[in-house]
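coords.pdb, holding PDB, C-alpha atoms and all ligand atoms:
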```
ATOM      1  CA  MET A  82      29.711  38.118  13.844
ATOM      2  CA  SER A  83      26.462  40.152  13.805
ATOM      3  CA  ASN A  84      25.346  41.598  17.066
ATOM      4  CA  PRO A  85      22.013  40.659  18.758
ATOM      5  CA  LEU A  86      20.548  44.118  18.018
ATOM      6  CA  ASP A  87      20.951  43.628  14.222
ATOM      7  CA  ASN A  88      19.325  40.201  14.501
ATOM      8  CA  HIS A  89      16.421  41.712  16.321
ATOM      9  CA  ALA A  90      15.963  44.427  13.669
ATOM     10  CA  SER A  91      16.061  42.005  10.769
ATOM     11  CA  ALA A  92      13.589  39.699  12.500
ATOM     12  CA  GLU A  93      11.210  42.630  12.776
ATOM     13  CA  ILE A  94      11.621  43.524   9.116
ATOM     14  CA  ALA A  95      10.962  39.911   8.154
ATOM     15  CA  ALA A  96       7.836  39.817  10.313
ATOM     16  CA  ARG A  97       6.558  43.048   8.744
ATOM     17  CA  VAL A  98       7.099  41.763   5.211
ATOM     18  CA  GLU A  99       5.404  38.483   6.079
ATOM     19  CA  ARG A 100       2.421  40.323   7.544
ATOM     20  CA  ARG A 101       2.063  42.411   4.364
ATOM     21  CA  TRP A 102       2.127  39.313   2.188
ATOM     22  CA  ALA A 103      -0.405  37.600   4.449
ATOM     23  CA  ILE A 104      -2.773  40.587   4.157
ATOM     24  CA  PHE A 105      -2.270  40.650   0.391
ATOM     25  CA  MET A 106      -3.073  36.937   0.112
ATOM     26  CA  VAL A 107      -6.220  37.262   2.232
ATOM     27  CA  LEU A 108      -7.400  40.178   0.071
ATOM     28  CA  LEU A 109      -6.652  38.183  -3.082
ATOM     29  CA  VAL A 110      -8.726  35.251  -1.811
ATOM     30  CA  LEU A 111     -11.581  37.601  -0.893
ATOM     31  CA  VAL A 112     -11.536  39.171  -4.379
ATOM     32  CA  LEU A 113     -11.611  35.726  -6.027
ATOM     33  CA  VAL A 114     -14.481  34.536  -3.818
ATOM     34  CA  ALA A 115     -16.392  37.739  -4.609
ATOM     35  CA  MET A 116     -15.845  37.113  -8.345
ATOM     36  CA  VAL A 117     -17.149  33.545  -8.048
ATOM     37  CA  VAL A 118     -20.263  34.735  -6.185
ATOM     38  CA  PHE A 119     -20.860  37.572  -8.668
ATOM     39  CA  THR A 120     -20.482  35.448 -11.804
ATOM     40  CA  GLY A 121     -22.563  32.692 -10.226
ATOM     41  CA  LEU A 122     -25.431  35.028  -9.362
ATOM     42  CA  HIS A 123     -25.378  36.791 -12.698
ATOM     43  CA  TRP A 124     -24.887  33.695 -14.870
ATOM     44  CA  ALA A 125     -21.929  35.522 -16.364
ATOM     45  CA  MET A 126     -19.848  32.379 -16.418
ATOM     46  CA  MET A 127     -20.903  29.147 -18.122
ATOM     47  CA  PRO A 128     -21.853  26.538 -17.347
ATOM     48  CA  PRO A 129     -23.624  27.124 -14.060
ATOM     49  CA  SER A 130     -23.326  24.238 -11.684
ATOM     50  CA  ARG A 131     -26.631  22.506 -12.000
ATOM     51  CA  VAL A 132     -27.406  18.968 -12.992
ATOM     52  CA  GLU A 133     -30.358  17.971 -15.111
ATOM     53  CA  THR A 134     -30.247  14.554 -16.657
ATOM     54  CA  VAL A 135     -31.851  13.105 -19.755
ATOM     55  CA  ASP A 136     -31.585   9.670 -21.370
ATOM     56  CA  PRO A 137     -29.476  10.080 -24.546
ATOM     57  CA  GLU A 138     -30.790   6.757 -25.921
ATOM     58  CA  THR A 139     -34.395   7.908 -26.148
ATOM     59  CA  LEU A 140     -33.960  11.565 -27.147
ATOM     60  CA  HIS A 141     -35.488  10.963 -30.573
ATOM     61  CA  VAL A 142     -38.350   8.818 -29.281
ATOM     62  CA  SER A 143     -40.018  10.833 -26.577
ATOM     63  CA  GLY A 144     -39.706  13.836 -24.307
ATOM     64  CA  GLU A 145     -38.510  17.371 -24.693
ATOM     65  CA  PHE A 146     -35.847  16.693 -27.316
ATOM     66  CA  VAL A 147     -37.895  14.885 -29.972
ATOM     67  CA  GLU A 148     -37.186  16.359 -33.384
ATOM     68  CA  SER A 149     -40.521  18.193 -33.722
ATOM     69  CA  ASN A 150     -39.856  20.051 -30.460
ATOM     70  CA  LEU A 151     -36.406  21.358 -31.387
ATOM     71  CA  GLY A 152     -35.670  24.939 -32.380
ATOM     72  CA  SER A 153     -37.140  28.202 -31.089
ATOM     73  CA  ALA A 154     -40.387  28.166 -29.125
ATOM     74  CA  VAL A 155     -42.156  31.266 -27.839
ATOM     75  CA  GLU A 156     -43.125  30.929 -24.182
ATOM     76  CA  THR A 157     -46.272  32.425 -22.652
ATOM     77  CA  ASP A 158     -44.195  35.128 -20.915
ATOM     78  CA  GLY A 159     -42.793  36.292 -24.268
ATOM     79  CA  SER A 160     -39.363  34.761 -23.771
ATOM     80  CA  VAL A 161     -37.997  32.201 -26.190
ATOM     81  CA  THR A 162     -36.662  28.721 -25.468
ATOM     82  CA  VAL A 163     -34.315  27.124 -27.973
ATOM     83  CA  ARG A 164     -33.837  23.365 -27.823
ATOM     84  CA  VAL A 165     -30.841  21.886 -29.575
ATOM     85  CA  VAL A 166     -29.488  18.373 -29.987
ATOM     86  CA  ALA A 167     -25.850  17.851 -30.881
ATOM     87  CA  GLN A 168     -24.718  14.654 -32.540
ATOM     88  CA  GLN A 169     -21.779  13.508 -34.663
ATOM     89  CA  TYR A 170     -21.469  15.686 -36.755
ATOM     90  CA  SER A 171     -24.196  18.278 -36.709
ATOM     91  CA  PHE A 172     -26.534  20.310 -34.580
ATOM     92  CA  THR A 173     -30.290  19.972 -34.907
ATOM     93  CA  PRO A 174     -31.594  22.388 -35.989
ATOM     94  CA  GLN A 175     -28.845  23.558 -38.325
ATOM     95  CA  CYS A 176     -30.248  27.030 -38.307
ATOM     96  CA  ILE A 177     -31.506  28.732 -35.177
ATOM     97  CA  VAL A 178     -33.541  31.922 -35.524
ATOM     98  CA  VAL A 179     -34.017  34.029 -32.399
ATOM     99  CA  PRO A 180     -35.366  37.514 -31.710
ATOM    100  CA  ALA A 181     -33.179  40.395 -30.482
ATOM    101  CA  ASN A 182     -33.874  42.088 -27.142
ATOM    102  CA  THR A 183     -35.697  39.043 -25.824
ATOM    103  CA  PRO A 184     -34.658  36.703 -23.013
ATOM    104  CA  ILE A 185     -33.527  33.469 -24.652
ATOM    105  CA  THR A 186     -33.015  30.187 -22.842
ATOM    106  CA  PHE A 187     -30.942  27.586 -24.640
ATOM    107  CA  ARG A 188     -31.427  23.960 -23.657
ATOM    108  CA  ALA A 189     -28.970  21.627 -25.329
ATOM    109  CA  THR A 190     -28.006  18.014 -25.019
ATOM    110  CA  SER A 191     -26.007  15.430 -26.934
ATOM    111  CA  ALA A 192     -27.167  12.181 -28.505
ATOM    112  CA  ASP A 193     -23.719  10.595 -28.499
ATOM    113  CA  VAL A 194     -20.441  12.116 -27.303
ATOM    114  CA  ILE A 195     -19.330  15.403 -25.746
ATOM    115  CA  HIS A 196     -19.711  18.352 -28.083
ATOM    116  CA  GLY A 197     -19.076  22.044 -27.634
ATOM    117  CA  PHE A 198     -21.635  24.807 -27.860
ATOM    118  CA  LEU A 199     -20.263  28.242 -28.637
ATOM    119  CA  ILE A 200     -21.905  31.205 -30.302
ATOM    120  CA  THR A 201     -19.360  33.542 -31.813
ATOM    121  CA  ASP A 202     -19.294  37.169 -30.596
ATOM    122  CA  THR A 203     -21.169  36.253 -27.404
ATOM    123  CA  ASN A 204     -20.194  34.806 -24.027
ATOM    124  CA  LEU A 205     -22.200  31.647 -24.710
ATOM    125  CA  ASN A 206     -19.807  28.781 -24.374
ATOM    126  CA  SER A 207     -20.588  25.412 -22.880
ATOM    127  CA  MET A 208     -20.004  21.726 -23.193
ATOM    128  CA  VAL A 209     -22.898  19.604 -24.367
ATOM    129  CA  GLU A 210     -22.747  16.218 -22.729
ATOM    130  CA  PRO A 211     -24.770  13.072 -23.386
ATOM    131  CA  GLY A 212     -27.052  12.418 -20.441
ATOM    132  CA  TYR A 213     -27.191  16.040 -19.309
ATOM    133  CA  VAL A 214     -29.084  19.154 -20.323
ATOM    134  CA  SER A 215     -26.956  22.286 -20.619
ATOM    135  CA  THR A 216     -29.043  25.386 -19.978
ATOM    136  CA  PHE A 217     -27.934  28.946 -20.493
ATOM    137  CA  ARG A 218     -29.723  32.237 -20.839
ATOM    138  CA  THR A 219     -28.860  35.266 -22.866
ATOM    139  CA  THR A 220     -30.306  38.271 -24.632
ATOM    140  CA  PHE A 221     -29.004  39.330 -28.031
ATOM    141  CA  ASP A 222     -28.968  43.115 -28.224
ATOM    142  CA  LYS A 223     -29.147  43.446 -31.999
ATOM    143  CA  PRO A 224     -29.931  41.518 -35.173
ATOM    144  CA  ALA A 225     -26.859  39.671 -36.416
ATOM    145  CA  ASP A 226     -25.612  36.422 -37.877
ATOM    146  CA  HIS A 227     -23.497  34.225 -35.678
ATOM    147  CA  THR A 228     -21.807  30.931 -36.342
ATOM    148  CA  MET A 229     -22.014  28.168 -33.794
ATOM    149  CA  PRO A 230     -19.051  25.825 -34.186
ATOM    150  CA  CYS A 231     -18.590  22.697 -32.111
ATOM    151  CA  HIS A 232     -15.481  23.368 -30.041
ATOM    152  CA  GLU A 233     -14.918  20.021 -28.351
ATOM    153  CA  TYR A 234     -13.133  17.438 -30.449
ATOM    154  CA  CYS A 235     -15.842  14.848 -31.074
ATOM    155  CA  GLY A 236     -14.441  12.676 -33.872
ATOM    156  CA  THR A 237     -13.254  12.768 -37.439
ATOM    157  CA  GLY A 238     -16.052  15.089 -38.596
ATOM    158  CA  HIS A 239     -15.564  17.582 -35.772
ATOM    159  CA  GLN A 240     -14.263  20.440 -37.892
ATOM    160  CA  GLY A 241     -17.349  20.297 -40.103
ATOM    161  CA  MET A 242     -19.792  20.485 -37.195
ATOM    162  CA  TRP A 243     -21.406  23.863 -36.851
ATOM    163  CA  ALA A 244     -24.746  25.615 -36.980
ATOM    164  CA  HIS A 245     -25.986  29.065 -37.808
ATOM    165  CA  VAL A 246     -27.643  31.473 -35.352
ATOM    166  CA  LYS A 247     -29.631  34.259 -36.909
ATOM    167  CA  VAL A 248     -30.803  37.064 -34.653
ATOM    168  CA  VAL A 249     -33.659  39.036 -36.180
ATOM    169  CA  ASP A 250     -35.626  41.909 -34.703
ATOM    170  CA  ARG A 251     -38.448  40.911 -32.400
ATOM    171  CA  ASP A 252     -41.310  41.929 -34.709
ATOM    172  CA  THR A 253     -39.868  39.981 -37.631
ATOM    173  CA  PHE A 254     -39.399  36.976 -35.394
ATOM    174  CA  MET A 255     -42.937  37.063 -34.023
ATOM    175  CA  GLN A 256     -44.256  37.384 -37.570
ATOM    176  CA  MET A 257     -42.199  34.397 -38.725
ATOM    177  CA  ALA A 258     -43.259  32.383 -35.676
ATOM    178  CA  SER A 259     -46.956  33.080 -36.121
ATOM    179  CA  GLN A 260     -46.773  32.288 -39.833
ATOM    180  CA  SER A 261     -45.091  28.959 -39.292
ATOM    181  CA  GLY A 262     -47.157  28.141 -36.200
ATOM    182  CA  ASN A 263     -45.526  27.328 -32.914
ATOM    183  CA  ALA A 264     -45.542  23.646 -33.824
ATOM    184  CA  ALA A 265     -43.143  24.298 -36.671
ATOM    185  CA  ARG A 266     -40.253  25.500 -34.560
ATOM    186  CA  ARG A 267     -37.716  25.424 -37.326
ATOM    187  CA  LEU A 268     -37.543  28.852 -38.783
ATOM    188  CA  SER A 269     -35.454  29.164 -41.870
ATOM    189  CA  CYS A 270     -32.251  31.200 -41.794
ATOM    190  CA  VAL A 271     -32.860  32.275 -45.382
ATOM    191  CA  LYS A 272     -35.702  34.709 -45.833
TER     192      LYS A 272
HETATM  193 CU1  LIG B 301     -19.103  17.986 -32.188
HETATM  194 CU2  LIG B 301     -16.820  18.586 -32.233
END
```

Using the file provided, produce a representation of the structure as structure tokens.
Amino acid sequence: MSNPLDNHASAEIAARVERRWAIFMVLLVLVLVAMVVFTGLHWAMMPPSRVETVDPETLHVSGEFVESNLGSAVETDGSVTVRVVAQQYSFTPQCIVVPANTPITFRATSADVIHGFLITDTNLNSMVEPGYVSTFRTTFDKPADHTMPCHEYCGTGHQGMWAHVKVVDRDTFMQMASQSGNAARRLSCVK
């Protein structure tokens, strides 16, 4: 039989251990909440929780996502907006040219089913859903070629669905854009 003193001591040890674990858990929760706030404020995690809807049935007829409005457009503040439509089994445009060291806003939506939007070697990674506009911002720090594979299974042609993102230096881009006119937003990936 253990004596009452031993029981008392072990109860105290148990209480101390429990208190330590409780403090650890509270700290863990605080760290996780801080991470959520940080990534939310800095758009470091995609997709941000915002909801913008669009009618997938009329994408090609009117509005922002008509074919002539897709691709890279230079905004008045010097930033670039890229509009992309995903459909079984391709992205429009197939080739996206963007300038380096320039704030880029991607706006993407789907004409049919859920597709994935991922640019290799970057943290851009989102779902593209019919009925919703996925928006994400980034800046490419140097000229490079990236592939943009669809990463959500969307049907039998899924593995063949990808596009090409070509980052060129800002001067080259502005030259290309002024030559083709802002109305022709499809810049070619091949020079
Ligand atoms: Cu589109 Cu997979």

Which one is closest to ligand LIG 301 (chain B): A:Thr220, A:Gln169, A:Ser259, A:Thr201? Count all atoms listed in the file. A:Gln169

Can you tell me which residues sit at most 9 Å away from ligand LIG 301 (chain B), counting only C-alpha atoms and all ligand atoms, written as a PyMOL selection string? chain A and resi 167-172+194-198+209+230-243

Mind dumping the selected residues with C-alpha atoms as an mmCIF file, in the coordinates of the input?
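Output file part-v3.cif follows:
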```cif
data_model
loop_
_atom_site.group_PDB
_atom_site.id
_atom_site.type_symbol
_atom_site.label_atom_id
_atom_site.label_comp_id
_atom_site.auth_asym_id
_atom_site.auth_seq_id
_atom_site.Cartn_x
_atom_site.Cartn_y
_atom_site.Cartn_z
ATOM 1 C CA ALA A 167 -25.850 17.851 -30.881
ATOM 2 C CA GLN A 168 -24.718 14.654 -32.540
ATOM 3 C CA GLN A 169 -21.779 13.508 -34.663
ATOM 4 C CA TYR A 170 -21.469 15.686 -36.755
ATOM 5 C CA SER A 171 -24.196 18.278 -36.709
ATOM 6 C CA PHE A 172 -26.534 20.310 -34.580
ATOM 7 C CA VAL A 194 -20.441 12.116 -27.303
ATOM 8 C CA ILE A 195 -19.330 15.403 -25.746
ATOM 9 C CA HIS A 196 -19.711 18.352 -28.083
ATOM 10 C CA GLY A 197 -19.076 22.044 -27.634
ATOM 11 C CA PHE A 198 -21.635 24.807 -27.860
ATOM 12 C CA VAL A 209 -22.898 19.604 -24.367
ATOM 13 C CA PRO A 230 -19.051 25.825 -34.186
ATOM 14 C CA CYS A 231 -18.590 22.697 -32.111
ATOM 15 C CA HIS A 232 -15.481 23.368 -30.041
ATOM 16 C CA GLU A 233 -14.918 20.021 -28.351
ATOM 17 C CA TYR A 234 -13.133 17.438 -30.449
ATOM 18 C CA CYS A 235 -15.842 14.848 -31.074
ATOM 19 C CA GLY A 236 -14.441 12.676 -33.872
ATOM 20 C CA THR A 237 -13.254 12.768 -37.439
ATOM 21 C CA GLY A 238 -16.052 15.089 -38.596
ATOM 22 C CA HIS A 239 -15.564 17.582 -35.772
ATOM 23 C CA GLN A 240 -14.263 20.440 -37.892
ATOM 24 C CA GLY A 241 -17.349 20.297 -40.103
ATOM 25 C CA MET A 242 -19.792 20.485 -37.195
ATOM 26 C CA TRP A 243 -21.406 23.863 -36.851
#
```

Hey, could you make a per-residue contact list for stretch 171-258 of chain A against stretch 154-165 of chain A with 12 Å as the cut-off, showing the nearest pair of atoms and its distance in Å to one decimal, counting all atoms listed in the file, sorted by chain and number, as a Markdown table?
```
| residue | atom | partner | partner_atom | distance |
| --- | --- | --- | --- | --- |
| A:Ser171 | CA | A:Val165 | CA | 10.4 |
| A:Phe172 | CA | A:Val165 | CA | 6.8 |
| A:Thr173 | CA | A:Val165 | CA | 5.7 |
| A:Pro174 | CA | A:Val165 | CA | 6.5 |
| A:Gln175 | CA | A:Val165 | CA | 9.1 |
| A:Cys176 | CA | A:Val165 | CA | 10.2 |
| A:Ile177 | CA | A:Val163 | CA | 7.9 |
| A:Val178 | CA | A:Val163 | CA | 9.0 |
| A:Val179 | CA | A:Val161 | CA | 7.6 |
| A:Pro180 | CA | A:Val161 | CA | 8.1 |
| A:Ala181 | CA | A:Val161 | CA | 10.4 |
| A:Asn182 | CA | A:Ser160 | CA | 9.8 |
| A:Thr183 | CA | A:Ser160 | CA | 6.0 |
| A:Pro184 | CA | A:Ser160 | CA | 5.1 |
| A:Ile185 | CA | A:Val161 | CA | 4.9 |
| A:Thr186 | CA | A:Thr162 | CA | 4.7 |
| A:Phe187 | CA | A:Val163 | CA | 4.8 |
| A:Arg188 | CA | A:Arg164 | CA | 4.8 |
| A:Ala189 | CA | A:Val165 | CA | 4.6 |
| A:Thr190 | CA | A:Val165 | CA | 6.6 |
| A:Ser191 | CA | A:Val165 | CA | 8.5 |
| A:Ala192 | CA | A:Val165 | CA | 10.4 |
| A:His196 | CA | A:Val165 | CA | 11.8 |
| A:Gly197 | CA | A:Val165 | CA | 11.9 |
| A:Phe198 | CA | A:Val165 | CA | 9.8 |
| A:Val209 | CA | A:Val165 | CA | 9.8 |
| A:Val214 | CA | A:Val165 | CA | 9.8 |
| A:Ser215 | CA | A:Val165 | CA | 9.8 |
| A:Thr216 | CA | A:Arg164 | CA | 9.4 |
| A:Phe217 | CA | A:Val163 | CA | 10.0 |
| A:Arg218 | CA | A:Thr162 | CA | 9.1 |
| A:Thr219 | CA | A:Val161 | CA | 10.2 |
| A:Thr220 | CA | A:Ser160 | CA | 9.8 |
| A:Phe221 | CA | A:Val161 | CA | 11.6 |
| A:Met229 | CA | A:Val165 | CA | 11.6 |
| A:Ala244 | CA | A:Val165 | CA | 10.3 |
| A:His245 | CA | A:Val165 | CA | 12.0 |
| A:Val246 | CA | A:Val163 | CA | 10.9 |
| A:Arg251 | CA | A:Gly159 | CA | 10.3 |
| A:Asp252 | CA | A:Gly159 | CA | 12.0 |
| A:Phe254 | CA | A:Val155 | CA | 9.9 |
| A:Met255 | CA | A:Val155 | CA | 8.5 |
| A:Gln256 | CA | A:Val155 | CA | 11.7 |
| A:Met257 | CA | A:Val155 | CA | 11.3 |
| A:Ala258 | CA | A:Val155 | CA | 8.0 |
```

Output, as JSON, the centre and edge lengths in Å (one decimal) of the axis-aligned box that contains all listed atoms of stretch 220-227 of chain A with 4 Å of margin on each side.
```
{"center_x": -26.9, "center_y": 38.8, "center_z": -31.3, "size_x": 14.8, "size_y": 17.2, "size_z": 21.2}
```

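For the pair atom CA of A:Asn206 and atom CA of A:Ala115, the interatomic distance is 22.0 Å.
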
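Distances here use all atoms listed in the file; by that measure, the residue among A:Val98, A:Asp193, A:Leu109, A:Val118 closest to A:His141 is A:Asp193.
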
I'd like the interatomic distance between atom CA of A:Ala225 and atom CA of A:Glu210, to a tenth of an Å.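 About the pair atom CA of A:Ala225 and atom CA of A:Glu210: they are 27.5 Å apart.
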
Atomic distance atom CA of A:Ile104 - atom CA of A:Phe119, expressed in Å with one decimal: 22.4 Å

Place a sphere of radius 9 Å on (-26.6, 17.4, -15.0) in the file coordinates and name every protein, DNA or RNA residue with an atom inside or on its surface, counting all atoms listed in the file; give the answer as a PyMOL selection string. chain A and resi 130-135+210+212-215

Top pick for closest residue to A:Pro224, considering A:Val248, A:Ala96, A:Leu108, A:Ile200 and counting all atoms listed in the file: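 That would be A:Val248, the residue with the smallest distance to A:Pro224.
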